[in-house]
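Novice: Dropping in final_22.cif, with mmCIF, C-alpha atoms and all ligand atoms.
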```cif
data_protein
#
loop_
_atom_site.label_atom_id
_atom_site.label_comp_id
_atom_site.auth_asym_id
_atom_site.auth_seq_id
_atom_site.Cartn_x
_atom_site.Cartn_y
_atom_site.Cartn_z
CA MET A 13 225.58 104.23 -5.25
CA SER A 14 224.53 101.47 -2.97
CA SER A 15 222.28 101.99 0.01
CA ARG A 16 222.56 99.16 2.51
CA ASP A 17 218.99 99.12 3.72
CA GLY A 18 216.84 100.99 1.29
CA GLU A 19 216.68 103.16 -1.71
CA ALA A 20 218.74 106.11 -2.84
CA GLU A 21 217.87 108.72 -5.38
CA LEU A 22 219.74 111.49 -7.14
CA LEU A 23 217.62 114.38 -8.35
CA VAL A 24 219.48 116.79 -10.59
CA ALA A 25 218.21 120.33 -11.00
CA SER A 26 218.99 122.22 -14.20
CA SER A 27 218.48 125.70 -12.70
CA ASP A 28 218.51 127.47 -9.34
CA ALA A 29 214.72 127.72 -9.42
CA THR A 30 214.42 124.00 -10.10
CA PHE A 31 216.82 123.24 -7.24
CA ALA A 32 214.65 125.22 -4.83
CA ARG A 33 211.45 123.66 -6.14
CA LEU A 34 212.79 120.09 -6.12
CA GLY A 35 214.16 120.45 -2.60
CA ALA A 36 210.89 121.94 -1.35
CA ASP A 37 208.81 119.25 -3.10
CA VAL A 38 210.88 116.46 -1.57
CA ILE A 39 210.74 117.91 1.96
CA ARG A 40 207.05 118.65 1.73
CA GLY A 41 206.33 115.12 0.51
CA ILE A 42 208.20 113.63 3.45
CA TRP A 43 206.33 115.87 5.91
CA ASP A 44 203.02 114.88 4.32
CA ASP A 45 203.88 111.19 4.68
CA CYS A 46 204.84 111.53 8.34
CA PRO A 47 203.45 114.77 9.76
CA GLY A 48 204.81 114.31 13.29
CA GLY A 49 208.28 112.97 12.45
CA ALA A 50 211.16 115.01 13.86
CA THR A 51 213.12 117.04 11.29
CA ILE A 52 216.73 118.17 11.70
CA LEU A 53 217.98 120.94 9.43
CA ALA A 54 221.33 122.29 8.29
CA THR A 55 222.01 125.97 7.93
CA GLY A 56 224.69 127.20 5.50
CA TRP A 57 224.12 128.65 2.07
CA THR A 58 222.89 125.61 0.15
CA PRO A 59 219.48 125.16 1.86
CA ILE A 60 218.56 128.86 1.70
CA PRO A 61 216.74 128.75 -1.68
CA VAL A 62 214.87 125.64 -0.56
CA PHE A 63 213.85 127.24 2.76
CA ARG A 64 212.75 130.38 0.87
CA GLU A 65 210.66 128.29 -1.51
CA LEU A 66 208.99 126.57 1.47
CA ALA A 67 208.40 129.97 3.07
CA ALA A 68 206.89 131.36 -0.14
CA ARG A 69 204.51 128.40 -0.33
CA HIS A 70 203.55 129.01 3.29
CA THR A 71 202.90 132.70 2.60
CA ARG A 72 200.71 131.79 -0.37
CA GLY A 73 198.71 129.43 1.83
CA GLU A 74 199.95 126.33 -0.01
CA LEU A 75 201.89 124.87 2.91
CA SER A 76 200.84 124.90 6.52
CA THR A 77 203.25 125.19 9.42
CA PRO A 78 204.92 121.79 9.84
CA GLN A 79 203.62 120.03 12.93
CA CYS A 80 206.81 118.07 13.62
CA PRO A 81 209.50 118.68 16.24
CA ILE A 82 212.37 120.64 14.68
CA VAL A 83 215.90 119.73 15.75
CA GLN A 84 218.97 121.96 15.62
CA LEU A 85 221.87 120.28 13.80
CA ASP A 86 224.84 122.24 15.01
CA GLU A 87 226.14 125.44 16.56
CA TYR A 88 229.40 127.22 17.22
CA VAL A 89 230.77 126.79 20.71
CA GLY A 90 230.62 129.98 22.75
CA VAL A 91 228.19 131.76 20.44
CA GLU A 92 224.97 133.13 21.94
CA ASP A 93 221.69 133.40 20.02
CA SER A 94 222.16 137.18 19.94
CA ASP A 95 225.53 136.85 18.16
CA PRO A 96 225.21 137.54 14.42
CA ARG A 97 227.17 134.33 13.79
CA SER A 98 224.66 132.13 15.67
CA LEU A 99 223.53 129.18 13.54
CA TYR A 100 220.33 128.95 15.58
CA ALA A 101 219.58 132.59 14.74
CA TRP A 102 220.21 131.68 11.09
CA LEU A 103 217.74 128.79 11.31
CA ASP A 104 215.24 131.06 13.03
CA ARG A 105 215.57 133.78 10.38
CA GLU A 106 215.48 131.50 7.33
CA PHE A 107 213.16 128.73 8.47
CA LEU A 108 211.39 128.98 11.83
CA THR A 109 210.03 132.50 11.61
CA PRO A 110 209.01 132.37 7.90
CA LEU A 111 207.15 129.10 8.50
CA GLU A 112 205.70 130.38 11.81
CA ILE A 113 207.21 127.56 13.81
CA ASP A 114 207.11 128.15 17.54
CA ALA A 115 210.59 128.16 19.08
CA SER A 116 209.25 125.95 21.88
CA SER A 117 208.94 123.06 19.41
CA VAL A 118 212.67 123.15 18.66
CA ILE A 119 215.10 120.73 20.25
CA ARG A 120 218.10 122.96 20.78
CA LEU A 121 221.80 122.13 20.75
CA ARG A 122 223.45 125.02 22.52
CA GLY A 123 227.07 126.03 22.27
CA THR A 124 227.07 128.10 25.44
CA THR A 125 226.29 125.63 28.22
CA ALA A 126 228.74 125.23 31.10
CA ASP A 127 228.84 121.46 30.61
CA SER A 128 228.85 120.51 26.92
CA GLU A 129 228.86 116.77 27.62
CA GLU A 130 225.67 117.16 29.61
CA GLU A 131 224.21 119.28 26.80
CA CYS A 132 225.00 116.53 24.26
CA SER A 133 223.40 113.85 26.48
CA ARG A 134 220.31 116.02 27.07
CA PHE A 135 220.03 116.65 23.31
CA GLU A 136 220.32 112.96 22.39
CA ALA A 137 217.74 112.04 25.06
CA ALA A 138 215.34 114.73 23.78
CA VAL A 139 215.63 113.43 20.21
CA ALA A 140 215.09 109.85 21.43
CA ALA A 141 212.03 111.00 23.40
CA VAL A 142 210.33 112.19 20.19
CA GLY A 143 211.06 108.88 18.47
CA GLY A 144 214.37 109.78 16.81
CA LEU A 145 214.80 111.62 13.55
CA HIS A 146 212.40 111.07 10.71
CA LEU A 147 213.99 113.54 8.30
CA ALA A 148 217.51 115.03 8.14
CA VAL A 149 218.04 117.88 5.68
CA LEU A 150 221.80 118.19 5.32
CA GLY A 151 224.40 120.14 3.38
CA LEU A 152 227.78 118.82 2.28
CA GLY A 153 230.95 120.40 3.61
CA PRO A 154 233.86 121.01 1.24
CA ASN A 155 235.79 118.33 3.14
CA GLY A 156 232.87 115.88 3.29
CA HIS A 157 231.62 116.97 6.70
CA VAL A 158 227.93 116.73 7.58
CA GLY A 159 226.81 118.95 10.41
CA PHE A 160 230.15 119.54 12.09
CA ASN A 161 231.13 115.88 11.87
CA GLU A 162 234.58 116.75 10.62
CA PRO A 163 237.01 114.25 9.10
CA PRO A 164 237.86 111.88 10.63
CA SER A 165 234.32 110.94 11.78
CA GLY A 166 233.01 107.40 11.63
CA PRO A 167 229.45 106.11 11.66
CA THR A 168 229.39 105.74 15.44
CA ALA A 169 230.40 109.37 16.10
CA ARG A 170 228.21 110.77 18.87
CA THR A 171 226.85 114.24 19.48
CA ARG A 172 229.86 116.18 20.71
CA VAL A 173 232.10 119.24 20.58
CA VAL A 174 234.61 119.19 17.71
CA PRO A 175 237.47 121.47 16.69
CA LEU A 176 236.66 122.96 13.29
CA SER A 177 239.06 122.00 10.51
CA PRO A 178 240.92 124.72 8.58
CA GLU A 179 238.77 123.86 5.52
CA SER A 180 235.54 124.32 7.45
CA MET A 181 236.75 127.55 9.00
CA ALA A 182 237.64 128.87 5.55
CA SER A 183 234.27 127.76 4.20
CA ASN A 184 232.40 129.29 7.15
CA ALA A 185 234.35 132.57 6.80
CA ARG A 186 232.24 133.21 3.65
CA TYR A 187 229.23 133.71 5.91
CA TRP A 188 230.60 136.36 8.23
CA ASN A 189 232.15 139.16 6.20
CA GLY A 190 235.53 138.93 7.81
CA ALA A 191 234.29 138.38 11.38
CA GLU A 192 236.25 135.79 13.30
CA VAL A 193 235.06 132.21 12.78
CA PRO A 194 234.67 130.26 16.04
CA VAL A 195 237.20 127.45 16.40
CA GLU A 196 234.86 124.78 17.79
CA GLY A 197 231.43 123.46 16.92
CA ILE A 198 228.89 121.29 18.70
CA THR A 199 227.15 118.85 16.39
CA ALA A 200 224.56 116.13 16.26
CA GLY A 201 226.53 112.92 15.85
CA LEU A 202 226.78 110.99 12.63
CA ASP A 203 225.24 107.99 14.44
CA LEU A 204 222.06 109.99 15.09
CA LEU A 205 221.90 111.28 11.49
CA LEU A 206 222.42 107.81 10.01
CA ALA A 207 219.46 106.54 12.05
CA ALA A 208 217.08 109.02 10.36
CA ASP A 209 214.38 107.41 8.22
CA VAL A 210 215.16 109.77 5.35
CA VAL A 211 218.16 111.97 4.61
CA VAL A 212 217.88 114.75 2.04
CA LEU A 213 221.36 115.91 1.04
CA LEU A 214 221.38 119.29 -0.71
CA VAL A 215 224.45 119.95 -2.87
CA ALA A 216 225.06 122.89 -5.19
CA GLY A 217 228.01 124.30 -7.08
CA ALA A 218 230.98 123.05 -9.07
CA HIS A 219 233.17 123.38 -5.95
CA LYS A 220 231.15 120.50 -4.40
CA ARG A 221 231.48 118.21 -7.46
CA GLU A 222 234.55 116.27 -6.41
CA ILE A 223 233.50 115.82 -2.77
CA LEU A 224 230.01 114.73 -3.88
CA ARG A 225 231.60 112.14 -6.17
CA ARG A 226 233.81 110.89 -3.35
CA SER A 227 230.78 110.80 -1.02
CA VAL A 228 228.54 108.76 -3.29
CA ALA A 229 231.00 106.81 -5.42
CA GLY A 230 234.19 106.48 -3.37
CA PRO A 231 234.86 104.04 -0.56
CA GLU A 232 233.28 104.62 2.85
CA SER A 233 235.88 106.41 4.94
CA PRO A 234 236.06 108.48 8.12
CA GLU A 235 238.03 110.93 5.96
CA VAL A 236 234.78 111.58 4.04
CA PRO A 237 232.06 111.49 6.73
CA ALA A 238 229.32 111.96 4.10
CA SER A 239 230.33 108.62 2.54
CA TYR A 240 228.41 106.91 5.39
CA LEU A 241 225.14 108.52 4.29
CA ARG A 242 224.82 105.62 1.83
CA ARG A 243 223.87 103.54 4.88
CA VAL A 244 220.64 105.36 5.63
CA SER A 245 217.30 103.74 4.88
CA ARG A 246 216.43 106.34 2.28
CA LEU A 247 218.88 108.84 0.85
CA ILE A 248 217.69 111.54 -1.54
CA ILE A 249 220.38 113.76 -3.03
CA VAL A 250 219.13 116.99 -4.56
CA ALA A 251 222.00 118.42 -6.58
CA ASP A 252 222.37 121.08 -9.20
CA ASP A 253 223.93 120.40 -12.60
CA ASP A 254 227.27 121.84 -11.53
CA ALA A 255 227.61 119.57 -8.51
CA ALA A 256 226.30 116.44 -10.24
CA ALA A 257 228.26 116.88 -13.49
CA GLY A 258 230.25 113.82 -14.45
CA LEU A 259 228.53 111.41 -12.06
CA THR A 260 227.82 108.37 -14.19
CA PRO A 261 224.92 105.95 -13.68
CA GLU A 262 227.53 103.22 -13.05
CA GLU A 263 229.01 105.22 -10.18
CA ILE A 264 225.60 105.99 -8.75
CA GLY A 265 224.29 102.43 -9.06
CA SER A 266 221.02 100.86 -10.02
CA ARG A 267 218.82 103.00 -7.82
CA HIS A 268 219.80 106.18 -9.64
CA GLN A 269 216.64 107.95 -10.79
CA PRO A 270 217.64 111.09 -12.63
CA ARG A 271 215.10 113.89 -12.81
CA ILE A 272 215.71 117.10 -14.64
C1 LIG A 301 225.56 123.95 8.71
C2 LIG A 301 226.19 122.63 8.52
C3 LIG A 301 227.28 122.41 7.52
C4 LIG A 301 226.91 122.88 6.11
C5 LIG A 301 228.06 122.62 5.13
C6 LIG A 301 227.75 123.18 3.75
O1 LIG A 301 224.56 123.87 9.70
O2 LIG A 301 225.82 121.72 9.18
O3 LIG A 301 227.60 121.04 7.50
O4 LIG A 301 225.76 122.21 5.70
O5 LIG A 301 229.24 123.20 5.60
O6 LIG A 301 227.65 124.58 3.83
P1 LIG A 301 227.18 125.45 2.58
O7 LIG A 301 225.80 125.02 2.26
O8 LIG A 301 227.25 126.87 3.05
O9 LIG A 301 228.13 125.14 1.47
#
```
Turn the structure described in the file into structure tokens.

Specialist:
Amino acid sequence: MSSRDGEAELLVASSDATFARLGADVIRGIWDDCPGGATILATGWTPIPVFRELAARHTRGELSTPQCPIVQLDEYVGVEDSDPRSLYAWLDREFLTPLEIDASSVIRLRGTTADSEEECSRFEAAVAAVGGLHLAVLGLGPNGHVGFNEPPSGPTARTRVVPLSPESMASNARYWNGAEVPVEGITAGLDLLLAADVVVLLVAGAHKREILRRSVAGPESPEVPASYLRRVSRLIIVADDDAAAGLTPEEIGSRHQPRI
């Protein structure tokens, strides 16, 4: 793997518990280094064990409430916070409430505003006003999407409304027990995410193996939006054994630092 500006690391976890611990250690370390730096967070299934590990540390008194602005990564268009499918409600349930983060410190990206273009501009201005993103904690879509930056998305993609791809809708259907999956998302743009000081990409499961390989070892391509993450100043991939299997040091490049 090459990272244009800085370093990149692949941390491979040999068990679910290690994945949660590694992810939490990495995030905590970044918060400690830059306590006020804005943090944007994915929802989805992959970060849940990491969020729960952070919450457990908070409950045990080992981790205080982060003092940084929290930024919402994405949302379904037309979905209110009270809707069980709300991604903000998911973030609140799994991260904000357990870590006792006040909702007023969250920069929201709402899918229910009358004027979504204005919402995207307001969101980008609010992130700029806190100095941009310090940390982005992201998951990897089955089609290489990050946030809802669906293929094709290039590195200059702005915060915007996007139609969800059939693959993403199928993947998101896992969350909602047969409830209808919204057809559009609103997402922080890839340009904003690539400007973060640090990106932590969480990847778990054999079904993510091939798309992870294409993201870190294939050519940069709008067809694999995650392939542009190699451009960030510091990219840390926390993967489990199943997702990282078969990635060779040659593919990863000289900055590969395996940890088990
Ligand atoms: C969710 C999000 C998505 C997910 C991705 C992986 O806020 O931004 O990009 O991170 O679809 O989802 P899981 O982790 O459920 O496989």

Novice: Mind pulling up the distance from CA of Trp57 in chain A to CA of Ser233 in chain A?

Specialist: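 It comes out at 25.3 Å.
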
Novice: Identify, on the basis of all atoms listed in the file, every residue whose closest approach to Glu222 in chain A does not exceed 12 Å; exclude the query and any residue fewer than 2 positions from it along the same chain; express the result as a PyMOL selection string.

Specialist: chain A and resi 152-156+215-220+224-230+236+254-259

Novice: Considering only C-alpha atoms and all ligand atoms, state which residue in the set A:Val83, A:Ala169, A:Leu247, A:Ala207 is at the smallest distance from ligand LIG 301 (chain A).

Specialist: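 For ligand LIG 301 (chain A), the nearest of the candidates is A:Val83.
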
Novice: Go through A:Leu53, A:Ala29, A:Leu145, A:Leu23 and flag the residue nearest Leu103 in chain A, using all atoms listed in the file for the distances.

Specialist: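 Among A:Leu53, A:Ala29, A:Leu145, A:Leu23, it is A:Leu53 that comes nearest to Leu103 in chain A.
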
Novice: For ligand LIG 301 (chain A), return the neighbouring residues as a list of chain:residue names (distance at most 6 Å; only C-alpha atoms and all ligand atoms).

Specialist: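 Counting only what the definition allows, namely only C-alpha atoms and all ligand atoms, the set is A:Ala54, A:Thr55, A:Gly56, A:Trp57, A:Thr58, A:Asp86, A:Leu150, A:Gly151, A:Leu152, A:Gly153, A:His157, A:Val158, A:Gly159, A:Phe160.
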
Novice: Can you take the partial range 146-176 of chain A, add N, CA and C atoms, and return it as a compact mmCIF listing (two decimals), keeping the file's coordinate frame?

Specialist:
```
# COMPACT_ATOMS: atom_id res chain seq x y z
N HIS A 146 213.03 111.60 11.91
CA HIS A 146 212.40 111.07 10.71
C HIS A 146 213.13 111.60 9.47
N LEU A 147 213.38 112.90 9.47
CA LEU A 147 213.99 113.54 8.30
C LEU A 147 215.22 114.35 8.71
N ALA A 148 216.31 114.18 7.97
CA ALA A 148 217.51 115.03 8.14
C ALA A 148 217.75 115.74 6.82
N VAL A 149 217.73 117.07 6.86
CA VAL A 149 218.04 117.88 5.68
C VAL A 149 219.46 118.41 5.89
N LEU A 150 220.39 117.93 5.08
CA LEU A 150 221.80 118.19 5.32
C LEU A 150 222.45 118.89 4.13
N GLY A 151 223.51 119.63 4.42
CA GLY A 151 224.40 120.14 3.38
C GLY A 151 225.68 119.32 3.38
N LEU A 152 226.52 119.57 2.41
CA LEU A 152 227.78 118.82 2.28
C LEU A 152 228.94 119.78 2.41
N GLY A 153 229.78 119.54 3.41
CA GLY A 153 230.95 120.40 3.61
C GLY A 153 231.98 120.16 2.52
N PRO A 154 232.85 121.14 2.30
CA PRO A 154 233.86 121.01 1.24
C PRO A 154 234.84 119.87 1.51
N ASN A 155 234.91 119.45 2.77
CA ASN A 155 235.79 118.33 3.14
C ASN A 155 234.97 117.06 3.45
N GLY A 156 233.70 117.05 3.06
CA GLY A 156 232.87 115.88 3.29
C GLY A 156 232.21 115.86 4.65
N HIS A 157 232.30 116.96 5.40
CA HIS A 157 231.62 116.97 6.70
C HIS A 157 230.11 117.07 6.51
N VAL A 158 229.38 116.52 7.50
CA VAL A 158 227.93 116.73 7.58
C VAL A 158 227.65 117.20 9.00
N GLY A 159 226.81 118.23 9.15
CA GLY A 159 226.81 118.95 10.41
C GLY A 159 228.25 119.41 10.63
N PHE A 160 228.72 119.29 11.86
CA PHE A 160 230.15 119.54 12.09
C PHE A 160 230.88 118.23 12.39
N ASN A 161 230.40 117.15 11.80
CA ASN A 161 231.13 115.88 11.87
C ASN A 161 232.30 115.99 10.90
N GLU A 162 233.40 116.48 11.43
CA GLU A 162 234.58 116.75 10.62
C GLU A 162 235.38 115.47 10.38
N PRO A 163 236.11 115.38 9.27
CA PRO A 163 237.01 114.25 9.10
C PRO A 163 238.10 114.29 10.19
N PRO A 164 238.47 113.18 10.81
CA PRO A 164 237.86 111.88 10.63
C PRO A 164 236.65 111.72 11.55
N SER A 165 235.51 111.29 10.99
CA SER A 165 234.32 110.94 11.78
C SER A 165 233.75 109.65 11.20
N GLY A 166 233.58 108.67 12.05
CA GLY A 166 233.01 107.40 11.63
C GLY A 166 231.53 107.33 11.93
N PRO A 167 230.91 106.23 11.54
CA PRO A 167 229.45 106.11 11.66
C PRO A 167 228.95 106.04 13.10
N THR A 168 229.84 105.80 14.04
CA THR A 168 229.39 105.74 15.44
C THR A 168 229.66 107.05 16.18
N ALA A 169 230.08 108.09 15.44
CA ALA A 169 230.40 109.37 16.10
C ALA A 169 229.16 109.92 16.80
N ARG A 170 229.32 110.27 18.06
CA ARG A 170 228.21 110.77 18.87
C ARG A 170 228.10 112.29 18.78
N THR A 171 227.02 112.80 19.34
CA THR A 171 226.85 114.24 19.48
C THR A 171 227.95 114.76 20.40
N ARG A 172 228.66 115.79 19.97
CA ARG A 172 229.86 116.18 20.71
C ARG A 172 230.38 117.54 20.24
N VAL A 173 231.37 118.03 20.99
CA VAL A 173 232.10 119.24 20.58
C VAL A 173 233.28 118.80 19.72
N VAL A 174 233.49 119.52 18.60
CA VAL A 174 234.61 119.19 17.71
C VAL A 174 235.38 120.45 17.34
N PRO A 175 236.71 120.34 17.25
CA PRO A 175 237.47 121.47 16.69
C PRO A 175 237.15 121.58 15.20
N LEU A 176 236.95 122.79 14.72
CA LEU A 176 236.66 122.96 13.29
C LEU A 176 237.96 122.87 12.49
```
